[in-house]
Amino acid sequence: MSADTEAEASEEEVQSEAEAPEEETAEALEPDPVREALRDRLGAELGEALVATDLASGVQLTVRVTAEAWRTAGLVVRDQLGCRWFDFLSAIDWLPSPYGRYEDDGMTPPSDPDTEIETGIAGGETRFQVFARVVDTAAHTDVILKTDVPDDTLTVPSWVTVYDGADWHERETWEMFGISFDGHPALRNIYLPSDFEGNPLRKDFPLIARIVKPWPGIIDVEPMPAEDEEAAPDEAASKESAPEEGESS
Amino acid sequence: MTAVTDREQLRYVAAQAADARINFEIETEGMTLNLGPQHPATHGTLRIVAKLDAEQVISAEPIAGYMHRGYEKLCEVRTYPQVTTLINRIDWLGSFANEVPFILAAERLMDVEAPPRAQWIRTALFEMSRIANLVLFAGDTALQLGGQTAAFYGFRDREYVLNQIEAVTGGRFHPNFDRIGGLKDDLPKGWIADTKLAMEKVRSFCDEIDELVTGNEIFQIRTRGIGVIPGDVAQSYGLSGANLRGSGVNWDLRRDAPSGMVHSELDWKVHVHPDGDSFSRWWVRIQEIREASHLVDQCLDGLPSGPIMAKVPRIIKVPAGEAYVQTENPLGAMGYYVVSKGDLGPFRLKIRSASFNNVSILHWVLRGVYVPDIISILSSLYFILGDIDR
């Protein structure tokens with residue numbers, strides 16, 4: 001970092017850019033015929049099952065399909081689009097963490113945690129989303145697929161019969177998020193002990209280490225003098241709520 | 001913490017009892033062979049439960065989780081600059097390479113680009129961590145197949161590269177040097193000349209290894225035709241890096257999906273071997289060490305002048321969005337899916353590590369092989385435990 005003045009100036013730049021959605025500006029700048037063609041083909045193959053798409057021009061194509069069509073979508077991208085290379089499969093829990101954003105002090109969770117679910121690109125309606133990425137190594141194209149996981153069943157169809165590599169990824173997603181995969185031959189823990197309770201990557205699973213001992217690293221993000229107005233409310237709020245929460249726990 | 005409990009242990013015993021009956025024609029008894037968690041061939045604490053019929057493996061199951069550190073959870077409560085400290089420890093032999101895709105993903109979300117000089121130095125350090133990683137692979141694989149000398153050469157020559165990495169970053173194993181928008185520091189004085197000497201040593205190491213190991217008859221017998229993985233199977237399991245190119249799939253992210261580094265401006269080639277066996281994976285890696293040393297040389301020759309840090313705010317807040325960046329790391333394709341909600345830290349960070357996919361094929365590839373070949377296959381698939389367990 002060279003000088004503080006420069007840093008402040010660029011801070012403003014970045015902030016202003018953040019307000020405009022990145023994908024749209026990029027799309028306006030340059031067309032991406034390859035990914036657009038992919039998107040159109042997927043739309044033609046999947047029809048109604050394709051819920052939403054998001055194209056970051058020149059970067060990545062994200063499509064969202066219905067949970068019922070998850071396996072079909074896998075077959076389509078594998079066989080019709082030629083994406084034979086399996087990259088990864090995982091999930092996102094969109095629930096804001098009830099323990100605060102950084103869990104810097106496990107003793108003082110915010111008094112009214114934000115519970116509004118706000119999903120990312122290509123949208124979404126449910127708390128959990130499963131997403132995967134596959135690549136066509138011959139044509140050098142790739143696609144990220146997403147699907148909403150129904151809140152009541154927490155089950156999506158398995159990809160094991162589509163991509164062999166999905167086996168371990170689904171096991172990991174199952175133990176970390178508690179999402180089942182219909183058709184997976186053996187959903188067993190892959191990392192955790194088999195008697196482990198809970199799903200660690202869910203946002204409502206506390207990071208126990210932080211509760212035992214507050215994270216000292218939060219000192220590193222102390223606000224700079226110039227940014228006092230912005231960061232101060234957060235800090236004040238956590239200090240205020242400290243005594244009462246301390247007693248209750 | 002062990003990943004295996006009594007219940008699972010009982011399951012294995014029961015399965016073992018069932019296997020005991022499989023080959024009654026020639027009256028052999030099945031047995032279960034536990035490889036690891038502490039075994040030199042597992043590069044850490046991977047356990048492989050192999051069920052044997054005499055000398056042949058009927059089924060093998062890799063069991064991970066002995067070193068799971070929960071980085072994806074931890075990263076959710078760290079700030080962006082703090083995340084690099086953690087992810088340094090994923091593939092600890094080529095640490096700098098771990099930082100690069102994450103930094104690139106954050107840069108993409110922030111719409112920041114590192115200045116040219118930072119990109120060139122980044123590429124040089126990226127390739128040097130590849131050398132530091134793969135030189136140890138060469139030594140270690142030879143050691144596991146019975147050639148001790150190569151292992152000592154490997155450790156000796158890796159030191160030259162590590163010293164150079166240390167000279168610029170201050171850390172031998174965990175540089176933590178890459179920053180959003182550039183690099184922490186510029187190169188120290190005299191570093192370029194020293195590094196070129198080190199690259200010379202790396203190339204002579206490759207020649208030595210070729211003489212000692214690659215052309216060695218015993219080595220060839222132990223690796224040729226062993227653990228054959230066809231290209232389509234490799235793709236379906238998501239194998240990457242030399243494992244994929246050793247199966248004849250011509251796919252290298254440095255060439256085919258370049259991002260944030262300058263590989264496209266350099267003169268180099270991707271090595272592919274069609275056989276898909278242990279030997280081809282070994283051969284591809286040795287070629288890649290050579291190629292990487294040339295890449296480093298070219299980076300140092302073409303190094304532009306200028307700043308090494310773009311203008312970024314002192315407190316890094318990444319705008320809301322999602323970005324996935326994948327690079328061709330020493331062990332294979334490594335990617336980070338960063339979900340940001342405009343905070344100081346990532347909302348969710350999916351770490352796609354190469355070894356996780358590379359090891360998931362073990363149950364397929366180990367079926368039917370003979371016991372000594374397990375070692376050859378394990379070491380040629382080449383994984384780092386930190387890269388599986390994360």
# chains A, B, ... in the order shown; residues from 1 in each chain; ligands from 1
$ interface_residues --of "chain B" --to "chain A" --cutoff "6 Å" --atoms "only C-alpha atoms" --output "PyMOL selection string"
chain B and resi 3+64-65+73+77+235-238+312-314+319
$ select_by_dssp --residues "region 233-277 of chain B" --states "alpha helix (DSSP H)" --output "list in words"
Val233, Ala234, Gln235, Ser236, Ala242, Asn243, Leu244, Arg245, Leu253, Arg254, Arg255 and Asp256 of chain B
$ residues_around --residues "region 348-351 of chain B" --least-positions-apart "2" --cutoff "8 Å" --atoms "only C-alpha atoms" --output "JSON, numbers by chain"
{"A": [90, 92], "B": [72, 75, 76, 334, 335, 336, 337, 338, 339, 340, 346, 353]}
